[in-house]
$ cat structure_6.csv   # CSV, C-alpha atoms and all ligand atoms
chain,number,residue,atom,x,y,z
A,192,MET,CA,41.1,23.1,52.9
A,193,PRO,CA,41.7,24.7,56.3
A,194,ALA,CA,38.2,24.2,57.7
A,195,ILE,CA,37.8,20.4,57.1
A,196,ASN,CA,39.5,17.1,57.3
A,197,VAL,CA,38.7,14.6,54.5
A,198,LEU,CA,38.1,11.3,56.2
A,199,GLY,CA,37.8,9.2,53.0
A,200,VAL,CA,36.2,8.8,49.6
A,201,GLU,CA,33.8,6.1,48.9
A,202,ASP,CA,33.2,5.1,45.3
A,203,GLN,CA,30.5,2.5,44.7
A,204,HIS,CA,30.2,2.4,41.0
A,205,ALA,CA,26.7,3.2,40.0
A,206,ASP,CA,26.1,5.6,42.9
A,207,ALA,CA,27.3,9.1,43.6
A,208,VAL,CA,30.8,9.6,44.8
A,209,MET,CA,30.7,10.0,48.6
A,210,VAL,CA,33.2,12.3,50.2
A,211,HIS,CA,33.4,11.9,54.0
A,212,ILE,CA,34.5,14.9,56.0
A,213,GLU,CA,34.6,16.4,59.4
A,214,SER,CA,34.9,20.0,60.6
A,215,ARG,CA,38.3,20.9,62.0
A,216,ALA,CA,36.8,23.1,64.7
A,217,SER,CA,38.6,23.1,68.1
A,218,ARG,CA,36.9,21.7,71.1
A,219,PRO,CA,34.3,24.3,72.3
A,220,GLY,CA,33.4,25.2,75.8
A,221,CYS,CA,29.9,24.5,77.2
A,222,PRO,CA,27.7,27.5,76.4
A,223,GLU,CA,26.2,27.2,79.9
A,224,CYS,CA,29.2,26.7,82.2
A,225,GLY,CA,32.3,27.0,80.0
A,226,THR,CA,33.6,23.5,80.8
A,227,PRO,CA,35.5,22.0,77.8
A,228,ALA,CA,32.9,19.9,75.9
A,229,TRP,CA,33.0,16.2,75.2
A,230,VAL,CA,32.0,14.5,71.9
A,231,LYS,CA,28.7,12.7,72.4
A,232,ASP,CA,28.5,11.2,68.9
A,233,ARG,CA,29.2,11.8,65.3
A,234,PRO,CA,26.0,11.5,63.3
A,235,PRO,CA,26.7,11.6,59.5
A,236,VAL,CA,24.7,14.1,57.5
A,237,GLU,CA,24.5,13.5,53.7
A,238,LEU,CA,24.5,16.6,51.6
A,239,VAL,CA,24.1,17.0,47.9
A,240,ASP,CA,27.3,18.5,46.5
A,241,LEU,CA,28.6,19.7,43.1
A,242,PRO,CA,29.3,16.9,40.6
A,243,CYS,CA,32.9,15.7,40.5
A,244,PHE,CA,34.7,13.7,37.8
A,245,GLY,CA,31.5,14.0,35.7
A,246,ARG,CA,29.5,12.2,38.4
A,247,SER,CA,27.1,13.3,41.0
A,248,ALA,CA,28.6,13.6,44.5
A,249,ARG,CA,27.6,13.6,48.1
A,250,LEU,CA,29.4,15.2,51.0
A,251,VAL,CA,29.0,13.2,54.1
A,252,TRP,CA,29.6,15.5,57.0
A,253,HIS,CA,30.4,13.7,60.3
A,254,LYS,CA,29.1,16.5,62.5
A,255,HIS,CA,30.3,16.7,66.1
A,256,ARG,CA,27.6,16.4,68.7
A,257,TRP,CA,28.9,17.9,71.9
A,258,CYS,CA,27.8,17.6,75.5
A,259,CYS,CA,28.8,19.0,78.8
A,260,PRO,CA,30.8,16.6,81.0
A,261,ASP,CA,29.6,18.3,84.2
A,262,PRO,CA,26.7,16.3,85.6
A,263,ASP,CA,25.3,19.3,87.5
A,264,CYS,CA,25.1,21.4,84.3
A,265,GLU,CA,21.7,21.8,82.6
A,266,MET,CA,23.0,22.1,79.1
A,267,CYS,CA,21.7,19.5,76.7
A,268,SER,CA,23.8,18.3,73.8
A,269,TRP,CA,24.4,20.5,70.8
A,270,THR,CA,25.6,20.1,67.3
A,271,GLY,CA,28.7,21.8,65.8
A,272,GLU,CA,27.5,23.9,62.8
A,273,ASP,CA,29.5,25.6,60.1
A,274,PRO,CA,27.6,27.7,57.6
A,275,ARG,CA,30.6,27.6,55.2
A,276,ILE,CA,29.9,23.9,54.7
A,277,ALA,CA,26.1,24.0,54.8
A,278,SER,CA,23.3,25.9,56.4
A,279,VAL,CA,21.6,24.3,59.5
A,280,ARG,CA,18.7,22.6,57.8
A,281,GLY,CA,20.0,22.7,54.2
A,282,ALA,CA,20.1,19.4,52.2
A,283,MET,CA,22.8,20.7,50.0
A,284,THR,CA,26.3,22.1,50.6
A,285,ASP,CA,26.7,25.9,50.6
A,286,ARG,CA,28.7,25.8,47.3
A,287,ALA,CA,26.2,23.6,45.6
A,288,GLY,CA,23.4,25.9,46.8
A,289,ARG,CA,25.0,29.0,45.3
A,290,TRP,CA,25.7,27.1,42.1
A,291,VAL,CA,22.1,25.9,41.6
A,292,CYS,CA,20.7,29.3,42.4
A,293,GLU,CA,22.9,30.7,39.6
A,294,GLN,CA,22.0,27.9,37.1
A,295,VAL,CA,18.3,28.4,37.6
A,296,GLY,CA,18.1,32.1,38.4
A,297,ARG,CA,20.7,33.6,36.1
A,298,LEU,CA,21.1,31.1,33.3
A,299,GLY,CA,17.4,30.1,33.2
A,300,ARG,CA,18.0,26.3,33.4
A,301,THR,CA,15.0,24.3,34.7
A,302,VAL,CA,15.0,22.9,38.2
A,303,ALA,CA,14.4,19.4,36.8
A,304,GLU,CA,17.5,19.6,34.5
A,305,VAL,CA,19.8,20.8,37.4
A,306,ALA,CA,18.4,18.1,39.7
A,307,ARG,CA,19.2,15.5,37.1
A,308,GLU,CA,22.7,16.8,36.8
A,309,LEU,CA,23.2,16.6,40.6
A,310,GLY,CA,21.4,13.3,40.8
A,311,CYS,CA,19.0,14.5,43.5
A,312,ASP,CA,15.4,15.3,44.1
A,313,TRP,CA,13.6,18.2,42.4
A,314,HIS,CA,12.5,19.7,45.7
A,315,THR,CA,16.1,19.7,47.0
A,316,VAL,CA,17.2,22.0,44.1
A,317,ASN,CA,14.0,24.1,44.3
A,318,ASP,CA,14.4,24.7,48.0
A,319,ALA,CA,18.0,25.8,47.5
A,320,VAL,CA,17.1,28.2,44.7
A,321,VAL,CA,14.5,29.8,46.9
A,322,ALA,CA,16.7,29.9,50.0
A,323,TYR,CA,19.7,31.5,48.1
A,324,GLY,CA,17.6,33.5,45.6
A,325,VAL,CA,15.2,35.3,48.0
A,326,PRO,CA,17.9,37.5,49.7
A,327,LEU,CA,19.1,38.5,46.2
A,328,VAL,CA,15.8,39.8,45.1
A,329,GLU,CA,14.2,40.9,48.4
A,330,ASP,CA,16.5,43.9,48.7
A,331,PRO,CA,14.4,46.6,50.5
A,332,ALA,CA,16.2,49.3,48.4
A,333,ARG,CA,15.1,47.6,45.2
A,334,ILE,CA,11.8,49.5,45.1
A,335,GLY,CA,12.3,53.2,45.1
A,336,GLU,CA,9.8,55.9,44.9
A,337,VAL,CA,7.1,55.2,42.3
A,338,ARG,CA,5.0,57.9,40.7
A,339,ALA,CA,3.0,55.8,38.4
A,340,LEU,CA,2.1,52.2,39.2
A,341,GLY,CA,0.8,49.8,36.6
A,342,LEU,CA,-1.1,46.5,37.0
A,343,ASP,CA,-1.1,44.2,34.1
A,344,GLU,CA,-2.4,40.6,33.7
A,345,THR,CA,0.2,38.3,32.3
A,346,LEU,CA,0.1,34.7,31.2
A,347,PHE,CA,2.5,33.1,33.7
A,348,CYS,CA,2.5,29.5,32.3
A,349,ARG,CA,0.4,26.7,30.9
A,350,ALA,CA,0.4,24.1,33.6
A,351,GLY,CA,-0.7,20.5,33.9
A,352,ARG,CA,-2.0,17.9,31.5
A,353,TRP,CA,-4.5,20.3,29.9
A,354,ARG,CA,-2.0,23.1,29.7
A,355,THR,CA,-4.4,25.2,31.7
A,356,GLN,CA,-3.5,28.9,31.6
A,357,ALA,CA,-2.2,30.2,34.9
A,358,TRP,CA,-2.4,34.0,35.1
A,359,CYS,CA,-0.5,36.4,37.3
A,360,THR,CA,-0.5,40.1,37.9
A,361,SER,CA,2.7,42.1,37.0
A,362,ILE,CA,3.2,45.1,39.2
A,363,VAL,CA,5.2,47.6,37.2
A,364,ASP,CA,6.8,51.0,37.9
A,365,VAL,CA,5.5,52.9,34.9
A,366,SER,CA,6.7,56.4,35.9
A,367,PRO,CA,7.7,58.4,32.8
A,368,GLY,CA,10.9,57.2,31.4
A,369,ARG,CA,10.7,54.0,33.4
A,370,SER,CA,9.3,50.5,32.9
A,371,GLN,CA,10.5,48.4,35.7
A,372,LEU,CA,8.9,45.2,36.9
A,373,LEU,CA,8.6,45.4,40.7
A,374,ASP,CA,6.9,42.1,41.5
A,375,VAL,CA,4.6,39.4,40.3
A,376,VAL,CA,1.7,38.1,42.3
A,377,PRO,CA,-0.5,35.1,41.5
A,378,ARG,CA,-3.8,35.4,39.6
A,379,ARG,CA,-5.5,38.3,38.0
A,380,ARG,CA,-7.8,39.2,40.8
A,381,ALA,CA,-7.9,42.2,43.1
A,382,ALA,CA,-6.8,40.4,46.2
A,383,GLY,CA,-3.2,39.7,45.1
A,384,PRO,CA,-2.1,43.2,44.2
A,385,SER,CA,-4.2,44.7,47.0
A,386,ALA,CA,-2.3,42.6,49.6
A,387,TRP,CA,1.0,43.5,48.0
A,388,LEU,CA,0.2,47.2,48.1
A,389,CYS,CA,-1.0,46.9,51.7
A,390,ALA,CA,2.3,45.4,52.7
A,391,ARG,CA,4.1,48.6,51.5
A,392,ASP,CA,4.4,51.5,53.9
A,393,GLU,CA,1.9,54.4,53.9
A,394,GLN,CA,4.5,57.0,52.7
A,395,TRP,CA,5.4,54.9,49.7
A,396,ARG,CA,1.8,54.5,48.7
A,397,GLN,CA,1.1,58.2,49.2
A,398,ALA,CA,3.8,59.1,46.6
A,399,ILE,CA,2.0,57.2,43.8
A,400,ARG,CA,0.1,59.7,41.7
A,401,TYR,CA,-1.2,57.4,39.0
A,402,GLY,CA,-2.5,53.9,38.9
A,403,VAL,CA,-2.4,52.5,35.4
A,404,LEU,CA,-4.8,49.6,34.6
A,405,ASP,CA,-6.6,47.7,31.8
A,406,LEU,CA,-10.4,48.1,31.4
A,407,SER,CA,-11.3,45.5,33.9
A,408,GLY,CA,-12.9,45.5,37.4
A,409,PRO,CA,-10.3,43.7,39.6
A,410,TYR,CA,-7.5,46.3,39.2
A,411,ARG,CA,-10.0,49.1,39.5
A,412,LYS,CA,-11.0,47.6,42.9
A,413,THR,CA,-7.4,47.3,43.9
A,414,PHE,CA,-6.7,51.0,43.3
A,415,ASP,CA,-10.1,52.1,44.8
A,416,ASP,CA,-9.2,50.1,48.0
A,417,THR,CA,-5.5,50.7,48.4
A,418,LEU,CA,-4.7,53.9,46.5
A,419,PRO,CA,-7.8,56.0,46.8
A,420,ASP,CA,-5.9,59.3,46.2
A,421,ALA,CA,-4.2,58.1,43.0
A,422,THR,CA,-5.7,59.1,39.6
A,423,GLN,CA,-6.6,56.0,37.7
A,424,VAL,CA,-5.4,55.8,34.1
A,425,ALA,CA,-6.8,53.4,31.5
A,426,ASP,CA,-3.9,52.0,29.5
A,427,PRO,CA,-4.2,53.0,25.8
A,428,PHE,CA,-2.9,49.7,24.7
A,429,HIS,CA,-5.9,47.9,26.4
A,430,LEU,CA,-8.5,50.3,24.9
A,431,VAL,CA,-7.1,49.7,21.4
A,432,LYS,CA,-7.0,46.0,22.1
A,433,LEU,CA,-10.6,46.0,23.2
A,434,ALA,CA,-11.7,47.9,20.1
A,435,ASN,CA,-9.9,45.3,18.0
A,436,SER,CA,-11.5,42.4,19.7
A,437,LYS,CA,-14.9,43.9,19.3
A,438,LEU,CA,-14.1,44.3,15.6
A,439,ASP,CA,-13.1,40.7,15.4
A,440,GLU,CA,-16.3,39.6,17.1
A,441,CYS,CA,-18.3,41.6,14.7
A,442,ARG,CA,-16.5,40.1,11.7
A,443,GLN,CA,-17.1,36.6,13.0
A,444,ARG,CA,-20.8,37.2,13.6
A,445,VAL,CA,-21.3,38.8,10.1
A,446,GLN,CA,-19.4,36.0,8.6
A,447,ASN,CA,-21.6,33.5,10.3
A,448,GLU,CA,-24.8,35.3,9.5
A,449,THR,CA,-24.1,35.7,5.8
A,450,LEU,CA,-22.5,32.3,5.1
A,451,GLY,CA,-24.0,30.2,7.9
A,452,HIS,CA,-20.7,28.9,9.1
A,453,PRO,CA,-17.6,30.3,10.9
A,454,GLY,CA,-14.9,31.8,8.7
A,455,ARG,CA,-12.6,29.7,6.7
A,456,LYS,CA,-10.2,30.0,3.8
A,457,GLY,CA,-12.0,31.3,0.7
A,458,ASP,CA,-14.6,33.3,2.5
A,459,PRO,CA,-14.3,37.0,1.8
A,460,LEU,CA,-14.0,38.2,5.4
A,461,TYR,CA,-11.6,35.6,6.7
A,462,PRO,CA,-8.5,36.9,4.9
A,463,ALA,CA,-9.4,40.4,6.0
A,464,ARG,CA,-9.1,39.6,9.7
A,465,ARG,CA,-5.4,40.8,9.9
A,466,LEU,CA,-5.9,43.7,7.6
A,467,LEU,CA,-8.8,44.9,9.8
A,468,THR,CA,-6.9,44.9,13.1
A,469,LYS,CA,-3.8,46.4,11.7
A,470,ALA,CA,-3.4,50.2,12.4
A,471,HIS,CA,-4.7,52.0,9.4
A,472,GLU,CA,-1.6,54.1,8.8
A,473,ARG,CA,0.4,50.9,8.5
A,474,LEU,CA,-1.7,49.7,5.5
A,475,ASP,CA,-0.2,50.6,2.1
A,476,GLU,CA,-2.3,51.3,-1.0
A,477,ARG,CA,-2.5,47.6,-1.9
A,478,GLY,CA,-3.6,46.7,1.6
A,479,ASN,CA,-6.3,49.4,1.5
A,480,ALA,CA,-7.6,48.3,-1.8
A,481,LYS,CA,-7.7,44.7,-0.7
A,482,LEU,CA,-9.5,45.5,2.5
A,483,ARG,CA,-12.1,47.6,0.5
A,484,ARG,CA,-12.7,44.7,-1.9
A,485,LEU,CA,-13.1,42.1,0.9
A,486,LEU,CA,-15.5,44.3,2.8
A,487,GLU,CA,-17.6,45.0,-0.4
A,488,ALA,CA,-17.9,41.2,-0.9
A,489,GLY,CA,-18.5,40.0,2.7
A,490,ASP,CA,-20.1,42.8,4.6
A,491,PRO,CA,-23.5,43.5,3.0
A,492,ARG,CA,-24.8,45.8,5.8
A,493,GLY,CA,-21.6,47.6,6.4
A,494,GLU,CA,-21.4,46.4,10.0
A,495,VAL,CA,-17.7,45.3,9.9
A,496,ARG,CA,-16.8,48.6,8.2
A,497,MET,CA,-18.6,50.4,11.1
A,498,ALA,CA,-16.7,48.4,13.7
A,499,TRP,CA,-13.5,49.1,11.9
A,500,HIS,CA,-14.1,52.8,11.9
A,501,ALA,CA,-15.0,52.6,15.6
A,502,LYS,CA,-11.6,51.0,16.2
A,503,GLU,CA,-9.8,53.7,14.3
A,504,VAL,CA,-11.7,56.5,16.0
A,505,ALA,CA,-10.9,54.9,19.4
A,506,ARG,CA,-7.3,54.9,18.5
A,507,SER,CA,-7.5,58.6,17.5
A,508,ILE,CA,-8.3,59.5,21.1
A,509,TYR,CA,-4.6,59.3,21.7
A,510,GLU,CA,-3.8,61.8,18.9
A,511,ILE,CA,-5.5,64.5,20.8
A,512,THR,CA,-3.0,66.5,22.9
A,513,ASP,CA,-5.4,68.8,24.8
A,514,PRO,CA,-6.9,67.1,27.9
A,515,ALA,CA,-10.1,69.2,27.8
A,516,LEU,CA,-10.7,68.4,24.2
A,517,ALA,CA,-10.0,64.7,24.8
A,518,GLY,CA,-12.7,64.8,27.5
A,519,GLU,CA,-15.3,66.2,25.1
A,520,PHE,CA,-14.2,63.8,22.4
A,521,VAL,CA,-14.5,60.7,24.6
A,522,ASP,CA,-17.9,61.8,26.0
A,523,GLN,CA,-19.2,62.2,22.5
A,524,LEU,CA,-17.6,59.0,21.2
A,525,GLY,CA,-19.1,57.0,24.0
A,526,GLN,CA,-22.5,58.3,23.1
A,527,ASP,CA,-22.2,58.0,19.4
A,528,LEU,CA,-21.0,54.4,19.5
A,529,GLN,CA,-24.0,53.4,21.5
A,530,ASP,CA,-26.3,54.7,18.8
A,531,GLU,CA,-29.0,52.2,17.6
A,532,SER,CA,-27.6,52.3,14.1
A,533,CYS,CA,-24.3,50.7,15.3
A,534,PRO,CA,-23.8,46.9,15.4
A,535,PRO,CA,-24.0,45.4,18.9
A,536,GLU,CA,-20.2,45.0,19.2
A,537,VAL,CA,-19.7,48.7,18.6
A,538,ARG,CA,-22.5,49.6,21.1
A,539,SER,CA,-20.7,47.4,23.7
A,540,LEU,CA,-17.4,49.3,23.0
A,541,GLY,CA,-19.3,52.5,23.4
A,542,ARG,CA,-20.7,51.4,26.8
A,543,THR,CA,-17.2,50.5,28.0
A,544,ILE,CA,-15.8,53.8,26.8
A,545,ALA,CA,-18.6,55.7,28.6
A,546,ARG,CA,-18.0,53.6,31.8
A,547,TRP,CA,-14.3,54.2,31.8
A,548,ARG,CA,-14.5,57.8,30.6
A,549,ASP,CA,-12.5,59.3,33.4
A,550,GLN,CA,-9.7,56.7,33.3
A,551,ILE,CA,-9.4,57.0,29.6
A,552,VAL,CA,-9.2,60.8,29.6
A,553,ALA,CA,-6.8,60.8,32.6
A,554,TRP,CA,-4.1,59.4,30.2
A,555,HIS,CA,-3.9,62.8,28.6
A,556,GLN,CA,-2.8,64.3,31.9
A,557,ALA,CA,-0.6,61.5,33.0
A,558,LEU,CA,0.9,60.3,29.8
A,559,VAL,CA,1.8,56.9,31.3
A,560,SER,CA,1.1,53.5,30.0
A,561,ASN,CA,1.8,49.8,30.9
A,562,GLY,CA,2.8,48.8,27.4
A,563,PRO,CA,6.4,48.9,26.1
A,564,PRO,CA,6.9,52.1,23.9
A,565,ALA,CA,6.5,50.1,20.7
A,566,SER,CA,3.0,48.9,21.6
A,567,ARG,CA,1.7,52.3,22.4
A,568,PRO,CA,-0.6,53.7,19.7
A,569,THR,CA,1.2,56.4,17.8
A,570,ALA,CA,-0.4,59.3,16.2
A,571,PRO,CA,-1.1,58.6,12.5
A,572,ASP,CA,-0.2,61.5,10.3
A,573,ASN,CA,-2.8,60.8,7.6
A,574,HIS,CA,-5.6,63.0,8.9
A,575,GLU,CA,-5.9,66.2,10.7
A,576,GLN,CA,-6.2,66.7,14.4
A,577,PRO,CA,-9.7,67.6,15.5
A,578,HIS,CA,-8.7,70.9,17.1
A,579,GLN,CA,-7.3,72.0,13.8
A,580,ALA,CA,-10.4,71.2,11.9
A,581,GLN,CA,-13.8,70.8,13.5
A,582,ARG,CA,-13.0,71.6,17.1
A,583,TYR,CA,-16.2,73.6,17.3
A,584,ASP,CA,-18.4,70.6,16.4
A,585,LEU,CA,-17.1,67.4,17.8
A,586,LYS,CA,-20.3,65.5,17.0
A,587,LEU,CA,-19.8,66.3,13.3
A,588,TRP,CA,-16.1,65.4,13.5
A,589,ILE,CA,-16.8,62.0,15.0
A,590,GLY,CA,-19.5,61.4,12.6
A,591,TYR,CA,-17.1,62.2,9.8
A,592,LEU,CA,-14.5,59.8,11.2
A,593,LEU,CA,-17.1,57.1,11.8
A,594,GLY,CA,-18.6,57.6,8.4
A,595,GLY,CA,-15.2,56.7,7.1
A,596,ALA,CA,-14.5,59.8,5.1
A,597,ALA,CA,-11.1,60.1,6.6
A,598,TYR,CA,-10.1,56.5,6.0
A,599,LEU,CA,-11.8,54.5,3.3
A,600,PRO,CA,-13.8,56.4,0.6
A,601,ARG,CA,-17.2,54.8,0.3
A,701,ZN,ZN,28.0,22.9,81.1

$ encode --input "structure_6.csv" --output "C-alpha cells" --more "lines below"
Ligand SMILES: [Zn+2]
Amino acid sequence: MPAINVLGVEDQHADAVMVHIESRASRPGCPECGTPAWVKDRPPVELVDLPCFGRSARLVWHKHRWCCPDPDCEMCSWTGEDPRIASVRGAMTDRAGRWVCEQVGRLGRTVAEVARELGCDWHTVNDAVVAYGVPLVEDPARIGEVRALGLDETLFCRAGRWRTQAWCTSIVDVSPGRSQLLDVVPRRRAAGPSAWLCARDEQWRQAIRYGVLDLSGPYRKTFDDTLPDATQVADPFHLVKLANSKLDECRQRVQNETLGHPGRKGDPLYPARRLLTKAHERLDERGNAKLRRLLEAGDPRGEVRMAWHAKEVARSIYEITDPALAGEFVDQLGQDLQDESCPPEVRSLGRTIARWRDQIVAWHQALVSNGPPASRPTAPDNHEQPHQAQRYDLKLWIGYLLGGAAYLPR
C-alpha cells in the first residue's frame, strides 16, 4: 500500500479489529508562507471499514495535524487529508463507502442489514449510501427532452407501528415508446411535483406537450400552475379503475340493502365481485353465464347490472379511434350516466366524466398513458365500433350499450 503505513493491529476479542495507519505524505509547506510545516499532533480518527477475517473492522487513521513554525505567520494549524482513505467528514473509509452504496443501491440489501455486518450505526451506513449514491443518480444528462410527462401516485411504503401508508408521486417520462421513471417526490399533493417542475429550466418545461394524470385535483393543479401550455391527458387506466370502483361500491350497497349486511361467502353478489370488474372480453361463456345467474339472484333492481354496463361503456371510450367522435361520445356518456334512472354510483361516475371531459378526450390525440402497456385497456373485438354502426346517433348507441344489448342479453 503505497499511500499508508500500517502502525499496528489491535485485536481485543469481542470488539472489531482495529487497524492503525498513518498517511505516508511528505512534509508539506505552509500554505501561507511556504516554510516546511511541523507536526502539531496526531489525533486518531476511527473509521468504519470493510469486515476482515469475518469480523467487523475499524481503521484508525492517525492524521497529521500540521502547523507553521514561523511565529510571525498567521496560518493556523491544518489537518492532512487524503480522499483515497476517507472523505473529510466521512465516518467510513472510502472503500467501505463504495461497498455499502453498492450493497444497498444495486443489490437492494437493507441499511440495517449492512450496518449489522459492519458492526456500526444505521445512520453511518445510510449517510454513506446517500453521499456515494447521489452523484450516481444526479447526473444532469439523465433527464433528456420529455414530450409527455406523467404524474402517478404510488404507495411508497407502510411505515411505523400501524403500518401507515406513505404515498409518493412518481414523475415519469411517458413519451410514446418510453416509460422512464425520472424521479420520486414525497406525498401525493400538488406541492411536491410542482416544486420539482419549477426546479427544471424553462426550455425543458416548454418542450413538454402532454401532462398525463389520474382523475384527481392535485396533479391537475400542478399542471395548471407549472405547465400551462401542455395539454392535460387523463390516463385511461385511472378512468377504468374509477369505473370499476364505482361498480364495486354499487355492488356493496345493493348487497347491504337486499340482505341487511355486508357481503360474505354464500351471498349471491359476493362471488360476483371479481367477475364484475374483469374486462368483459376476458370472460368466457361459463364466466358470462355465472355472472348472469348471480346478478339475477342478487340484483333485484338491476342496479349492479347498470353499473357494470357503465364500466364497460367507459372502457369502450378507448376503442374509438377518431378524436372528434370520441369527444361526442364522452359528452353524451357523461350526460347519460347522470340520468335519474341510474344508481347513485353511476351518476357520480357520469359527473366525473363530464368534469374531466377535455382530459379524457385528449388521450385520443396524444395516445400517451402512465400505465405499463399491459394495464392499458385494449379494444375488445366482440362488438362493433360506433362509427361503423350508429355513428349518426350516439345517444341511441350509448343507450344500446348501457342497456346491455352488446354484452349480456337480458
Ligand atoms: Zn507559515

$ closest_atom_pairs --input "structure_6.csv" --of "chain A" --to "ligand ZN 701 (chain A)" --cutoff "12 Å" --atoms "all atoms listed in the file" --output "JSON lines"
{"residue": "A:Pro219", "atom": "CA", "partner": "A:ZN701", "partner_atom": "ZN", "distance": 10.9}
{"residue": "A:Gly220", "atom": "CA", "partner": "A:ZN701", "partner_atom": "ZN", "distance": 7.9}
{"residue": "A:Cys221", "atom": "CA", "partner": "A:ZN701", "partner_atom": "ZN", "distance": 4.6}
{"residue": "A:Pro222", "atom": "CA", "partner": "A:ZN701", "partner_atom": "ZN", "distance": 6.6}
{"residue": "A:Glu223", "atom": "CA", "partner": "A:ZN701", "partner_atom": "ZN", "distance": 4.8}
{"residue": "A:Cys224", "atom": "CA", "partner": "A:ZN701", "partner_atom": "ZN", "distance": 4.1}
{"residue": "A:Gly225", "atom": "CA", "partner": "A:ZN701", "partner_atom": "ZN", "distance": 6.0}
{"residue": "A:Thr226", "atom": "CA", "partner": "A:ZN701", "partner_atom": "ZN", "distance": 5.6}
{"residue": "A:Pro227", "atom": "CA", "partner": "A:ZN701", "partner_atom": "ZN", "distance": 8.2}
{"residue": "A:Ala228", "atom": "CA", "partner": "A:ZN701", "partner_atom": "ZN", "distance": 7.7}
{"residue": "A:Trp229", "atom": "CA", "partner": "A:ZN701", "partner_atom": "ZN", "distance": 10.2}
{"residue": "A:Trp257", "atom": "CA", "partner": "A:ZN701", "partner_atom": "ZN", "distance": 10.5}
{"residue": "A:Cys258", "atom": "CA", "partner": "A:ZN701", "partner_atom": "ZN", "distance": 7.7}
{"residue": "A:Cys259", "atom": "CA", "partner": "A:ZN701", "partner_atom": "ZN", "distance": 4.6}
{"residue": "A:Pro260", "atom": "CA", "partner": "A:ZN701", "partner_atom": "ZN", "distance": 6.9}
{"residue": "A:Asp261", "atom": "CA", "partner": "A:ZN701", "partner_atom": "ZN", "distance": 5.8}
{"residue": "A:Pro262", "atom": "CA", "partner": "A:ZN701", "partner_atom": "ZN", "distance": 8.1}
{"residue": "A:Asp263", "atom": "CA", "partner": "A:ZN701", "partner_atom": "ZN", "distance": 7.8}
{"residue": "A:Cys264", "atom": "CA", "partner": "A:ZN701", "partner_atom": "ZN", "distance": 4.6}
{"residue": "A:Glu265", "atom": "CA", "partner": "A:ZN701", "partner_atom": "ZN", "distance": 6.6}
{"residue": "A:Met266", "atom": "CA", "partner": "A:ZN701", "partner_atom": "ZN", "distance": 5.4}
{"residue": "A:Cys267", "atom": "CA", "partner": "A:ZN701", "partner_atom": "ZN", "distance": 8.4}
{"residue": "A:Ser268", "atom": "CA", "partner": "A:ZN701", "partner_atom": "ZN", "distance": 9.6}
{"residue": "A:Trp269", "atom": "CA", "partner": "A:ZN701", "partner_atom": "ZN", "distance": 11.2}

$ residues_around --input "structure_6.csv" --residues "range 415-423 of chain A" --least-positions-apart "3" --cutoff "12 Å" --atoms "only C-alpha atoms" --output "ChimeraX atom specification"
/A:337-342,381-406,408-412,426,547-560

$ residues_around --input "structure_6.csv" --residues "Arg465 in chain A" --least-positions-apart "2" --cutoff "12 Å" --atoms "only C-alpha atoms" --output "PyMOL selection string"
chain A and resi 435-436+438-439+442+460-463+467-471+473-474+478+481-482+485+499

$ closest_residue --input "structure_6.csv" --among "A:Pro535, A:Gly296, A:Gly310, A:Gly451" --to "Arg246 in chain A" --atoms "all atoms listed in the file"
A:Gly310

$ closest_residue --input "structure_6.csv" --among "A:Ala322, A:Leu346, A:Ile195, A:Leu327" --to "Ser217 in chain A" --atoms "all atoms listed in the file"
A:Ile195

$ atom_distance --input "structure_6.csv" --atom1 "CA of Asp240 in chain A" --atom2 "CA of Pro326 in chain A"
21.4 Å

$ atom_distance --input "structure_6.csv" --atom1 "CA of Leu528 in chain A" --atom2 "CA of Gly541 in chain A"
4.7 Å

$ residues_around --input "structure_6.csv" --residues "range 200-215 of chain A" --least-positions-apart "6" --cutoff "6 Å" --atoms "all atoms listed in the file" --output "PyMOL selection string"
chain A and resi 194+247-253

$ write_last_selection --input "structure_6.csv" --atoms "C-alpha atoms" --output "compact mmCIF listing (two decimals), in the coordinates of the input"
# COMPACT_ATOMS: atom_id res chain seq x y z
CA ALA A 194 38.20 24.20 57.70
CA SER A 247 27.10 13.30 41.00
CA ALA A 248 28.60 13.60 44.50
CA ARG A 249 27.60 13.60 48.10
CA LEU A 250 29.40 15.20 51.00
CA VAL A 251 29.00 13.20 54.10
CA TRP A 252 29.60 15.50 57.00
CA HIS A 253 30.40 13.70 60.30

$ residues_around --input "structure_6.csv" --residues "Gln446 in chain A" --least-positions-apart "5" --cutoff "10 Å" --atoms "all atoms listed in the file" --output "list of chain:residue names"
A:Glu440, A:Cys441, A:Gly451, A:His452, A:Pro453, A:Gly454, A:Arg455, A:Asp458, A:Pro459, A:Leu460, A:Tyr461, A:Gly489, A:Asp490, A:Val495

$ axis_aligned_box --input "structure_6.csv" --around "range 462-475 of chain A" --padding-each-side "5 Å" --output "AutoDock Vina command-line options"
--center_x -4.5 --center_y 45.5 --center_z 7.6 --size_x 19.8 --size_y 27.2 --size_z 21.0

$ closest_residue --input "structure_6.csv" --among "A:Ala488, A:Leu430, A:Val424, A:Leu373" --to "Leu450 in chain A" --atoms "only C-alpha atoms"
A:Ala488

$ residues_around --input "structure_6.csv" --residues "Lys254 in chain A" --least-positions-apart "3" --cutoff "9 Å" --atoms "all atoms listed in the file" --output "PyMOL selection string"
chain A and resi 212-214+232-236+270-272

$ write_last_selection --input "structure_6.csv" --atoms "C-alpha atoms" --output "short mmCIF file (atom, residue, chain, number, x, y, z; two decimals), in the frame of the given file"
data_model
loop_
_atom_site.label_atom_id
_atom_site.label_comp_id
_atom_site.auth_asym_id
_atom_site.auth_seq_id
_atom_site.Cartn_x
_atom_site.Cartn_y
_atom_site.Cartn_z
CA ILE A 212 34.50 14.90 56.00
CA GLU A 213 34.60 16.40 59.40
CA SER A 214 34.90 20.00 60.60
CA ASP A 232 28.50 11.20 68.90
CA ARG A 233 29.20 11.80 65.30
CA PRO A 234 26.00 11.50 63.30
CA PRO A 235 26.70 11.60 59.50
CA VAL A 236 24.70 14.10 57.50
CA THR A 270 25.60 20.10 67.30
CA GLY A 271 28.70 21.80 65.80
CA GLU A 272 27.50 23.90 62.80
#

$ atom_distance --input "structure_6.csv" --atom1 "CA of Ala306 in chain A" --atom2 "CA of Ala287 in chain A"
11.2 Å

$ residues_near_point --input "structure_6.csv" --point "(19.4, 25.4, 37.3)" --cutoff "12 Å" --atoms "all atoms listed in the file" --output "PyMOL selection string"
chain A and resi 287-309+313+315-321+324
